[in-house]
>>> print(open('coords05.txt').read())   # compact mmCIF, C-alpha atoms
# COMPACT_ATOMS: atom_id res chain seq x y z
CA MET A 1 69.56 133.71 81.06
CA LYS A 2 67.14 132.51 78.38
CA THR A 3 69.90 132.40 75.75
CA VAL A 4 72.18 130.43 78.09
CA ARG A 5 69.42 127.85 78.69
CA LYS A 6 68.74 127.69 74.96
CA HIS A 7 72.41 127.11 74.24
CA LEU A 8 72.74 124.49 76.97
CA GLU A 9 69.68 122.64 75.65
CA LYS A 10 71.24 122.66 72.19
CA LEU A 11 74.48 121.36 73.65
CA ARG A 12 72.67 118.43 75.28
CA THR A 13 71.31 117.27 71.95
CA ILE A 14 74.73 117.12 70.29
CA LYS A 15 76.13 113.65 69.87
CA LYS A 16 79.61 113.12 71.20
CA LYS A 17 81.76 112.58 68.17
CA GLU A 18 84.44 115.15 68.71
CA TYR A 19 85.03 118.44 70.48
CA HIS A 20 82.15 120.68 69.36
CA PRO A 21 82.78 124.39 68.60
CA LEU A 22 79.56 125.30 70.45
CA ILE A 23 81.38 124.53 73.73
CA HIS A 24 84.00 127.13 72.89
CA LYS A 25 81.32 129.67 71.88
CA ILE A 26 79.27 129.30 75.10
CA HIS A 27 82.45 129.28 77.17
CA LYS A 28 83.59 132.59 75.65
CA LYS A 29 80.21 134.30 75.53
CA HIS A 30 78.66 133.25 78.85
CA LYS A 31 81.85 132.55 80.86
CA ILE A 32 80.76 129.03 81.76
CA SER A 33 83.70 126.70 82.39
CA ARG A 34 84.56 124.10 79.76
CA LYS A 35 84.26 121.32 82.36
CA THR A 36 80.67 122.33 83.21
CA LEU A 37 79.75 122.46 79.54
CA PHE A 38 81.39 119.13 78.88
CA TYR A 39 79.47 117.53 81.77
CA VAL A 40 76.18 119.03 80.55
CA LYS A 41 76.84 117.62 77.09
CA GLU A 42 77.80 114.17 78.37
CA TYR A 43 75.30 113.56 81.19
CA GLY A 44 72.34 115.82 80.51
CA PRO A 45 68.74 114.81 81.35
CA HIS A 46 68.14 113.25 77.94
CA THR A 47 71.20 111.02 77.95
CA ASN A 48 71.37 107.37 78.94
CA VAL A 49 74.18 107.62 81.52
CA PRO A 50 75.27 103.94 81.65
CA ARG A 51 75.18 103.71 77.87
CA THR A 52 77.31 106.83 77.47
CA ILE A 53 79.90 105.61 79.98
CA ILE A 54 80.02 102.05 78.62
CA LYS A 55 80.17 103.22 75.02
CA GLU A 56 83.06 105.57 75.68
CA SER A 57 85.07 103.41 78.09
CA ALA A 58 84.51 99.79 77.03
CA LYS A 59 86.73 99.71 73.96
CA LEU A 60 89.63 101.44 75.66
CA LEU A 61 89.33 99.31 78.80
CA VAL A 62 89.18 96.04 76.84
CA PHE A 63 92.19 97.22 74.86
CA ALA A 64 94.02 98.00 78.13
CA SER A 65 93.14 94.49 79.40
CA ILE A 66 94.51 92.89 76.25
CA ILE A 67 97.72 94.90 76.59
CA SER A 68 98.03 93.87 80.25
CA SER A 69 97.44 90.23 79.29
CA PHE A 70 100.34 90.42 76.84
CA GLY A 71 102.44 91.67 79.74
CA GLY A 72 101.10 88.74 81.78
CA LEU A 73 102.20 86.38 79.01
CA ALA A 74 105.77 87.55 79.50
CA LEU A 75 105.48 86.75 83.20
CA GLU A 76 103.87 83.36 82.50
CA ASN A 77 106.94 82.47 80.41
CA ILE A 78 109.33 83.08 83.32
CA LYS A 79 106.89 81.76 85.93
CA ILE A 80 109.27 79.23 87.48
CA ILE A 81 112.10 81.73 88.09
CA PHE A 82 109.73 84.55 88.98
CA VAL A 83 107.79 82.76 91.72
CA SER A 84 110.99 81.42 93.28
CA ILE A 85 112.05 85.01 94.12
CA MET A 86 109.64 86.09 96.84
CA PRO A 87 110.58 89.80 96.96
CA LEU A 88 109.76 90.08 93.24
CA ILE A 89 106.24 88.71 93.77
CA ILE A 90 105.72 91.23 96.57
CA LEU A 91 107.09 94.01 94.37
CA LEU A 92 104.87 93.19 91.37
CA PRO A 93 101.66 95.01 92.48
CA ILE A 94 103.74 97.80 94.05
CA LEU A 95 105.62 98.45 90.81
CA ASN A 96 102.42 98.28 88.76
CA ASP A 97 100.70 100.82 91.01
CA MET A 98 103.71 103.08 91.33
CA ILE A 99 104.58 103.28 87.63
CA GLY A 100 100.90 103.61 86.68
CA ASP A 101 100.58 106.49 89.16
CA PHE A 102 103.62 108.21 87.63
CA GLY A 103 101.95 107.87 84.24
CA THR A 104 98.78 109.51 85.61
CA ILE A 105 100.72 112.33 87.30
CA VAL A 106 102.79 113.13 84.20
CA SER A 107 99.74 112.91 81.89
CA SER A 108 97.46 115.14 83.94
CA LYS A 109 100.16 117.73 84.67
CA PHE A 110 101.31 117.86 81.06
CA SER A 111 97.69 118.22 79.85
CA THR A 112 97.26 121.19 82.19
CA MET A 113 100.50 122.72 80.86
CA LEU A 114 99.17 122.37 77.31
CA TYR A 115 95.88 124.07 78.24
CA GLU A 116 97.78 126.88 79.92
CA ASN A 117 99.88 127.37 76.75
CA LYS A 118 103.08 126.77 78.68
CA VAL A 119 104.51 124.32 76.15
CA ASN A 120 106.02 125.60 72.91
CA LYS A 121 107.72 123.78 70.03
CA LYS A 122 110.99 123.40 71.93
CA TRP A 123 109.39 121.47 74.79
CA TRP A 124 112.72 119.97 75.87
CA ILE A 125 113.97 123.36 77.12
CA ASN A 126 110.74 124.11 78.99
CA ARG A 127 111.61 124.98 82.60
CA GLU A 128 108.39 123.67 84.15
CA LEU A 129 108.59 120.41 82.23
CA ARG A 130 112.18 119.90 83.35
CA LYS A 131 111.12 120.52 86.94
CA LEU A 132 108.33 117.93 86.62
CA PHE A 133 110.78 115.43 85.14
CA LEU A 134 113.25 115.94 88.00
CA GLN A 135 110.46 115.66 90.57
CA VAL A 136 109.20 112.39 89.09
CA ILE A 137 112.73 110.95 88.81
CA ILE A 138 113.59 111.84 92.42
CA MET A 139 110.19 110.57 93.58
CA SER A 140 110.65 107.28 91.72
CA PHE A 141 114.07 106.81 93.32
CA ILE A 142 112.71 107.43 96.84
CA MET A 143 109.73 105.13 96.22
CA THR A 144 111.99 102.41 94.80
CA LEU A 145 114.10 102.50 97.96
CA ILE A 146 111.06 102.41 100.25
CA SER A 147 109.30 99.59 98.37
CA PHE A 148 112.54 97.61 98.13
CA ALA A 149 113.09 97.89 101.90
CA MET A 150 109.45 96.92 102.57
CA ALA A 151 109.52 93.89 100.26
CA PHE A 152 112.74 92.66 101.84
CA SER A 153 111.48 93.14 105.38
CA VAL A 154 108.38 91.05 104.58
CA SER A 155 110.49 88.38 102.82
CA ILE A 156 112.94 88.08 105.72
CA PHE A 157 110.08 88.03 108.22
CA SER A 158 108.47 85.18 106.21
CA GLY A 159 111.68 83.15 106.42
CA TYR A 160 112.87 83.63 102.83
CA ALA A 161 116.63 82.94 102.50
CA LEU A 162 118.57 85.89 101.08
CA ASN A 163 122.19 86.63 100.32
CA THR A 164 123.97 89.81 99.25
CA LYS A 165 124.12 88.75 95.60
CA ILE A 166 120.33 88.21 95.36
CA ILE A 167 119.65 91.45 97.24
CA LEU A 168 121.84 93.41 94.81
CA LYS A 169 120.32 91.72 91.76
CA ILE A 170 116.74 92.44 92.86
CA PHE A 171 117.62 96.04 93.64
CA LEU A 172 119.17 96.46 90.20
CA VAL A 173 116.15 94.85 88.52
CA GLU A 174 113.79 97.23 90.33
CA ILE A 175 115.79 100.42 89.83
CA ILE A 176 116.48 99.79 86.11
CA ASP A 177 112.80 98.86 85.54
CA VAL A 178 111.50 102.02 87.23
CA PHE A 179 114.06 104.35 85.67
CA LEU A 180 113.51 103.06 82.13
CA LEU A 181 109.72 103.22 82.43
CA VAL A 182 109.62 106.71 83.90
CA ASN A 183 111.64 107.97 80.92
CA ILE A 184 109.48 106.08 78.39
CA LEU A 185 106.25 107.35 80.01
CA PHE A 186 107.49 110.91 79.99
CA LEU A 187 108.33 110.77 76.31
CA ILE A 188 105.00 109.12 75.39
CA ALA A 189 103.00 111.62 77.46
CA ILE A 190 104.72 114.58 75.78
CA LEU A 191 104.53 113.32 72.20
CA ALA A 192 100.97 111.97 72.47
CA GLY A 193 99.84 115.01 74.49
CA ILE A 194 101.06 117.44 71.81
CA TYR A 195 99.50 115.27 69.09
CA PHE A 196 96.02 115.13 70.70
CA TYR A 197 96.12 118.78 71.69
CA LYS A 198 96.89 119.75 68.08
CA LYS A 199 93.93 117.60 66.98
CA LYS A 200 91.74 119.70 69.35
CA GLU A 201 90.97 116.71 71.58
CA ASP A 202 91.22 116.73 75.38
CA PRO A 203 94.62 115.08 76.12
CA ASN A 204 93.28 114.00 79.57
CA ASN A 205 90.93 111.50 77.93
CA PHE A 206 93.69 109.76 76.02
CA LEU A 207 96.93 110.20 77.93
CA ILE A 208 95.91 108.51 81.19
CA PRO A 209 94.66 105.24 79.61
CA ILE A 210 97.64 105.22 77.21
CA THR A 211 100.30 105.84 79.85
CA THR A 212 98.78 103.42 82.41
CA SER A 213 98.57 100.67 79.77
CA VAL A 214 102.13 101.33 78.63
CA ALA A 215 103.21 101.37 82.29
CA ASP A 216 101.62 97.97 82.99
CA PHE A 217 102.68 96.33 79.77
CA GLY A 218 106.15 97.86 79.84
CA ASN A 219 106.61 96.88 83.47
CA MET A 220 105.89 93.19 82.76
CA ILE A 221 108.08 93.12 79.66
CA ILE A 222 111.05 94.98 81.15
CA LEU A 223 110.73 93.07 84.44
CA SER A 224 110.69 89.73 82.60
CA ALA A 225 113.67 90.71 80.45
CA LEU A 226 115.64 91.86 83.51
CA VAL A 227 114.80 88.68 85.45
CA ILE A 228 116.06 86.58 82.52
CA LEU A 229 119.16 88.75 82.32
CA PHE A 230 120.04 88.73 86.00
CA PHE A 231 118.81 85.32 87.23
CA MET B 1 113.91 125.78 90.33
CA GLU B 2 112.42 124.50 93.58
CA ILE B 3 112.02 120.73 93.29
CA PHE B 4 110.75 119.93 96.78
CA ASP B 5 107.61 122.08 96.72
CA LYS B 6 103.99 121.45 97.82
CA ASN B 7 103.34 119.36 94.69
CA PHE B 8 106.24 117.09 95.52
CA GLU B 9 104.93 116.61 99.06
CA GLU B 10 101.44 115.74 97.79
CA MET B 11 102.86 113.24 95.28
CA LEU B 12 105.05 111.70 97.97
CA SER B 13 102.15 111.17 100.40
CA SER B 14 99.84 109.71 97.74
CA GLN B 15 102.60 107.39 96.51
CA THR B 16 103.28 106.19 100.05
CA VAL B 17 99.60 105.24 100.47
CA SER B 18 99.70 103.48 97.11
CA ILE B 19 102.82 101.51 98.07
CA ILE B 20 101.27 100.30 101.34
CA GLY B 21 98.26 98.87 99.49
CA GLY B 22 100.53 97.26 96.90
CA LEU B 23 102.70 95.77 99.64
CA ALA B 24 99.68 94.18 101.34
CA ALA B 25 98.48 92.73 98.01
CA GLY B 26 101.99 91.55 97.11
CA THR B 27 102.42 89.85 100.48
CA ILE B 28 99.12 87.96 100.12
CA LEU B 29 100.15 86.97 96.58
CA ALA B 30 103.54 85.74 97.78
CA VAL B 31 101.99 83.69 100.60
CA TYR B 32 99.47 82.00 98.26
CA THR B 33 101.71 81.66 95.20
CA ASP B 34 101.33 77.86 95.17
CA LYS B 35 97.53 78.19 94.96
CA ILE B 36 97.76 80.69 92.10
CA LEU B 37 100.09 78.46 90.15
CA LEU B 38 97.70 75.51 90.40
CA ILE B 39 95.68 76.91 87.49
CA PRO B 40 97.72 77.51 84.33
CA GLY B 41 97.44 81.00 82.86
CA MET B 42 96.69 82.79 86.13
CA LEU B 43 99.74 85.03 85.70
CA ILE B 44 98.34 86.16 82.33
CA LEU B 45 95.17 87.58 83.82
CA LEU B 46 96.64 88.79 87.11
CA PRO B 47 98.15 92.14 85.93
CA GLY B 48 94.98 93.06 84.03
CA PHE B 49 92.79 92.01 86.94
CA LEU B 50 94.75 94.19 89.36
CA GLU B 51 94.69 97.13 86.95
CA MET B 52 90.97 96.81 86.27
CA ARG B 53 89.86 97.97 89.69
CA GLY B 54 91.87 101.19 89.38
CA ASN B 55 90.62 101.82 85.84
CA ILE B 56 86.93 101.34 86.68
CA SER B 57 86.73 102.74 90.21
CA GLY B 58 89.26 105.48 89.44
CA SER B 59 87.16 106.79 86.55
CA PHE B 60 84.01 106.34 88.67
CA ALA B 61 85.49 108.47 91.47
CA SER B 62 86.68 111.04 88.96
CA ARG B 63 83.21 111.35 87.35
CA LEU B 64 81.59 111.65 90.78
CA SER B 65 84.09 114.34 91.82
CA SER B 66 83.42 116.37 88.67
CA GLY B 67 79.65 116.07 89.27
CA LEU B 68 80.04 117.10 92.91
CA PHE B 69 82.16 120.15 92.08
CA LEU B 70 79.76 121.23 89.34
CA GLY B 71 76.78 120.81 91.68
CA VAL B 72 75.12 118.25 89.40
CA ILE B 73 75.43 115.59 92.13
CA LYS B 74 74.38 116.36 95.71
CA PRO B 75 76.85 115.15 98.35
CA ASN B 76 74.23 113.37 100.51
CA ALA B 77 75.11 109.88 99.22
CA ASP B 78 71.59 109.43 97.80
CA VAL B 79 72.13 106.70 95.22
CA ASP B 80 68.62 107.08 93.82
CA THR B 81 69.59 109.72 91.26
CA LYS B 82 69.97 109.22 87.54
CA ILE B 83 73.68 110.02 87.31
CA ILE B 84 74.75 107.92 90.31
CA LYS B 85 72.56 104.96 89.34
CA GLY B 86 73.87 105.19 85.78
CA ASN B 87 77.46 105.27 87.03
CA LEU B 88 76.89 102.26 89.29
CA ILE B 89 75.31 100.20 86.50
CA ALA B 90 78.04 101.14 84.03
CA SER B 91 80.84 100.35 86.51
CA PHE B 92 79.41 96.89 87.32
CA PHE B 93 78.84 96.12 83.66
CA LEU B 94 82.39 97.17 82.74
CA ALA B 95 83.80 95.06 85.58
CA ILE B 96 82.00 91.94 84.32
CA LEU B 97 82.95 92.66 80.70
CA LEU B 98 86.63 93.15 81.54
CA SER B 99 86.81 90.14 83.87
CA PHE B 100 85.30 87.99 81.12
CA SER B 101 87.74 89.39 78.52
CA LEU B 102 90.71 88.66 80.76
CA GLY B 103 89.48 85.14 81.46
CA LEU B 104 88.89 84.54 77.76
CA ILE B 105 92.41 85.67 76.81
CA ALA B 106 93.94 83.36 79.44
CA PHE B 107 91.66 80.51 78.30
CA LEU B 108 92.70 80.97 74.65
CA PHE B 109 96.36 81.01 75.64
CA ASN B 110 95.91 77.78 77.59
CA PHE B 111 94.03 76.18 74.71
CA PHE B 112 96.33 77.18 71.85
CA VAL B 113 99.71 77.24 73.58
CA LEU B 114 99.46 74.82 76.48
CA ARG B 115 96.84 72.56 74.81
CA THR B 116 94.68 72.44 77.96
CA LEU B 117 90.98 73.17 78.40
CA THR B 118 90.55 75.19 81.60
CA PHE B 119 87.04 76.65 81.70
CA SER B 120 87.61 77.67 85.31
CA ILE B 121 90.06 80.35 84.11
CA ILE B 122 87.05 82.22 82.64
CA LEU B 123 84.79 81.63 85.62
CA ILE B 124 87.31 82.64 88.30
CA PRO B 125 87.93 86.26 87.15
CA VAL B 126 84.21 86.84 86.44
CA ILE B 127 83.08 85.73 89.93
CA ALA B 128 86.07 87.40 91.61
CA GLY B 129 85.44 90.58 89.58
CA VAL B 130 81.82 90.74 90.74
CA LEU B 131 82.84 90.04 94.33
CA ALA B 132 85.62 92.66 94.36
CA ASN B 133 83.37 95.28 92.78
CA VAL B 134 80.53 94.64 95.21
CA ILE B 135 82.99 95.94 97.82
CA GLU B 136 85.03 98.42 95.80
CA ILE B 137 82.36 100.39 93.91
CA PRO B 138 80.14 101.28 96.93
CA LEU B 139 83.31 101.99 98.94
CA THR B 140 84.49 104.41 96.23
CA LEU B 141 81.07 106.08 96.18
CA PHE B 142 80.85 106.64 99.92
CA VAL B 143 84.50 107.68 100.40
CA THR B 144 84.25 110.21 97.52
CA PHE B 145 81.10 111.73 99.11
CA TYR B 146 82.64 111.67 102.57
CA LEU B 147 85.81 113.45 101.41
CA PHE B 148 83.81 116.06 99.52
CA ARG B 149 81.57 116.72 102.53
CA LYS B 150 84.67 117.15 104.71
CA GLY B 151 85.97 119.84 102.31
CA HIS B 152 88.69 117.78 100.57
CA ASP B 153 89.24 117.46 96.84
CA PRO B 154 88.49 113.75 96.14
CA ASN B 155 90.62 113.95 92.95
CA ASN B 156 93.79 114.26 95.03
CA ILE B 157 93.00 111.34 97.33
CA MET B 158 90.85 108.85 95.43
CA GLY B 159 93.55 107.80 92.92
CA PRO B 160 95.93 106.19 95.42
CA PHE B 161 92.99 105.10 97.62
CA VAL B 162 91.34 103.21 94.77
CA THR B 163 94.56 101.54 93.59
CA SER B 164 95.50 100.48 97.14
CA THR B 165 92.11 99.13 98.20
CA GLY B 166 91.55 97.78 94.68
CA ASP B 167 94.71 95.66 94.82
CA LEU B 168 93.69 94.22 98.17
CA THR B 169 90.06 93.43 97.28
CA SER B 170 91.15 91.98 93.92
CA VAL B 171 93.78 89.63 95.34
CA ILE B 172 91.58 88.50 98.25
CA SER B 173 88.52 87.88 96.06
CA LEU B 174 90.62 86.05 93.46
CA LEU B 175 92.08 83.72 96.08
CA LEU B 176 88.69 83.23 97.73
CA VAL B 177 87.05 82.20 94.45
CA MET B 178 89.98 79.92 93.59
CA VAL B 179 89.61 78.14 96.92
CA ILE B 180 85.81 77.79 96.46
CA ILE B 181 86.05 76.55 92.85
>>> encode(input="coords05.txt", output="structure tokens")
Amino acid sequence: MKTVRKHLEKLRTIKKKEYHPLIHKIHKKHKISRKTLFYVKEYGPHTNVPRTIIKESAKLLVFASIISSFGGLALENIKIIFVSIMPLIILLPILNDMIGDFGTIVSSKFSTMLYENKVNKKWWINRELRKLFLQVIIMSFIMTLISFAMAFSVSIFSGYALNTKIILKIFLVEIIDVFLLVNILFLIAILAGIYFYKKKEDPNNFLIPITTSVADFGNMIILSALVILFF
Amino acid sequence: MEIFDKNFEEMLSSQTVSIIGGLAAGTILAVYTDKILLIPGMLILLPGFLEMRGNISGSFASRLSSGLFLGVIKPNADVDTKIIKGNLIASFFLAILLSFSLGLIAFLFNFFVLRTLTFSIILIPVIAGVLANVIEIPLTLFVTFYLFRKGHDPNNIMGPFVTSTGDLTSVISLLLVMVII
């Protein structure tokens, strides 16, 4: 017990620069989970909690905001067309949430697969990964249909004039946007996940902010391009 | 290969919750589009502003959940502990910092591209960010504790909960501040 305490105290004093081998040693020797050790290291009694959180998150969050703003710029450029199509305004937060959530799901599940050593060099023939891809694709199709129906119901209820041509165009814009982004996110999560895992970093800490930023930015860009193309 | 397993069901239910929140936010946005368009550059900061709530409160809920599962945080909603206080301070600070950054980017765009000086574009997201977080951060704290006490894993529920409620509080606070200013 004394040695565990001694090791934990030592762990608390280590500055967070990168994954420290002491975590691995204590984990193996004393069977304490990596998550517990990580938490001890990050938020121990001698750490300044707000400082630690701000220091680690601020840069990435500001970067994510800048990326989102670039996406917003694309929307600002097609503002006149965009705001004249009510279902698209309704769909904007839905699509952002939905695609961001897919990014989070794919990232966290792929990180777990990496930790469980389920992914080898030929990741494209991995059975579990294929299953996840199919699940996310089917899920995105179902969610696209539901959100499309909801946005149209609200638009019609609000007195927005619609014809078959506009309905078809908006459906195509939504389905192409979602399908393209799901594929892009999957590819980014896999390639970046393998890269960070090989660098002995926790993929969870990088993949979620990366995929959500790409999801937001990509959504605005692809949505803007499709609106220009179709309308 | 069984596609429609328990995981699929869980994803489906969390996505449905997320869509409902997004729909409510989208409807409010659509109704008040004319007000949003009054200030140039609002569409630049809107996506980032909506995303911010999920990024800050989502991470906050995730840190709390880890602390609760590890036993470092007690589930009695006592905010007077070092970790919780630290998390609250950090979350509020990050919200102000990000709101200011978003406002600044939109302001610079207006200044350099549209050749207009709109200082309100900085002020609006900062005030709205504070307002939205005054609601969202304590809500996240209490719901995470509540779910944990009831025997649920907050990690499975807080993601869609935070994005849905975050969208709503963000849009409402943004419109409220725009009307006031």
>>> interface_residues(input="coords05.txt", of="chain A", to="chain B", cutoff="7 Å", atoms="all atoms listed in the file", output="short mmCIF file (atom, residue, chain, number, x, y, z; two decimals) with C-alpha atoms, in the coordinates of the input")
data_model
loop_
_atom_site.label_atom_id
_atom_site.label_comp_id
_atom_site.auth_asym_id
_atom_site.auth_seq_id
_atom_site.Cartn_x
_atom_site.Cartn_y
_atom_site.Cartn_z
CA THR A 36 80.67 122.33 83.21
CA VAL A 49 74.18 107.62 81.52
CA PRO A 50 75.27 103.94 81.65
CA ILE A 53 79.90 105.61 79.98
CA ILE A 54 80.02 102.05 78.62
CA ALA A 58 84.51 99.79 77.03
CA VAL A 62 89.18 96.04 76.84
CA SER A 65 93.14 94.49 79.40
CA SER A 68 98.03 93.87 80.25
CA SER A 69 97.44 90.23 79.29
CA GLY A 72 101.10 88.74 81.78
CA LEU A 73 102.20 86.38 79.01
CA LEU A 75 105.48 86.75 83.20
CA GLU A 76 103.87 83.36 82.50
CA MET A 86 109.64 86.09 96.84
CA ILE A 89 106.24 88.71 93.77
CA ILE A 90 105.72 91.23 96.57
CA LEU A 91 107.09 94.01 94.37
CA LEU A 92 104.87 93.19 91.37
CA PRO A 93 101.66 95.01 92.48
CA ILE A 94 103.74 97.80 94.05
CA ASP A 97 100.70 100.82 91.01
CA MET A 98 103.71 103.08 91.33
CA LYS A 131 111.12 120.52 86.94
CA GLN A 135 110.46 115.66 90.57
CA MET A 139 110.19 110.57 93.58
CA SER A 147 109.30 99.59 98.37
#
>>> residues_around(input="coords05.txt", residues="segment 135-148 of chain B", least_positions_apart="5", cutoff="7 Å", atoms="only C-alpha atoms", output="PyMOL selection string")
chain B and resi 57+61+75+77+153-154+166
>>> write_last_selection(input="coords05.txt", atoms="C-alpha atoms", output="PDB file, in the frame of the given file")
ATOM      1  CA  SER B  57      86.730 102.740  90.210  1.00  0.00           C
ATOM      2  CA  ALA B  61      85.490 108.470  91.470  1.00  0.00           C
ATOM      3  CA  PRO B  75      76.850 115.150  98.350  1.00  0.00           C
ATOM      4  CA  ALA B  77      75.110 109.880  99.220  1.00  0.00           C
ATOM      5  CA  ASP B 153      89.240 117.460  96.840  1.00  0.00           C
ATOM      6  CA  PRO B 154      88.490 113.750  96.140  1.00  0.00           C
ATOM      7  CA  GLY B 166      91.550  97.780  94.680  1.00  0.00           C
TER       8      GLY B 166
END
>>> atom_distance(input="coords05.txt", atom1="atom CA of Arg149 of chain B", atom2="atom CA of Asn76 of chain B")
8.3 Å
>>> atom_distance(input="coords05.txt", atom1="atom CA of Gly71 of chain A", atom2="atom CA of Ser224 of chain A")
8.9 Å
>>> atom_distance(input="coords05.txt", atom1="atom CA of Asn77 of chain A", atom2="atom CA of Val173 of chain A")
17.4 Å
>>> closest_residue(input="coords05.txt", among="B:Asn133, B:Asn155, B:Ser62, B:Met178", to="Ile121 of chain B", atoms="only C-alpha atoms")
B:Met178
>>> closest_residue(input="coords05.txt", among="A:Phe133, A:Lys200, A:Leu226, A:Thr104", to="His24 of chain A", atoms="only C-alpha atoms")
A:Lys200
>>> axis_aligned_box(input="coords05.txt", around="segment 24-31 of chain A", padding_each_side="3 Å", output="lines of an AutoDock Vina configuration file")
center_x = 81.3
center_y = 130.7
center_z = 76.4
size_x = 11.3
size_y = 13.2
size_z = 15.0
>>> residues_around(input="coords05.txt", residues="Ser173 of chain B", least_positions_apart="6", cutoff="9 Å", atoms="all atoms listed in the file", output="PyMOL selection string")
chain B and resi 127-129+131-132
>>> closest_residue(input="coords05.txt", among="B:Val179, B:Met158, B:Leu68, B:Leu104", to="Pro125 of chain B", atoms="only C-alpha atoms")
B:Leu104
>>> closest_residue(input="coords05.txt", among="A:Met220, A:Ile208, A:Leu88, A:Ile146", to="Ala192 of chain A", atoms="all atoms listed in the file")
A:Ile208
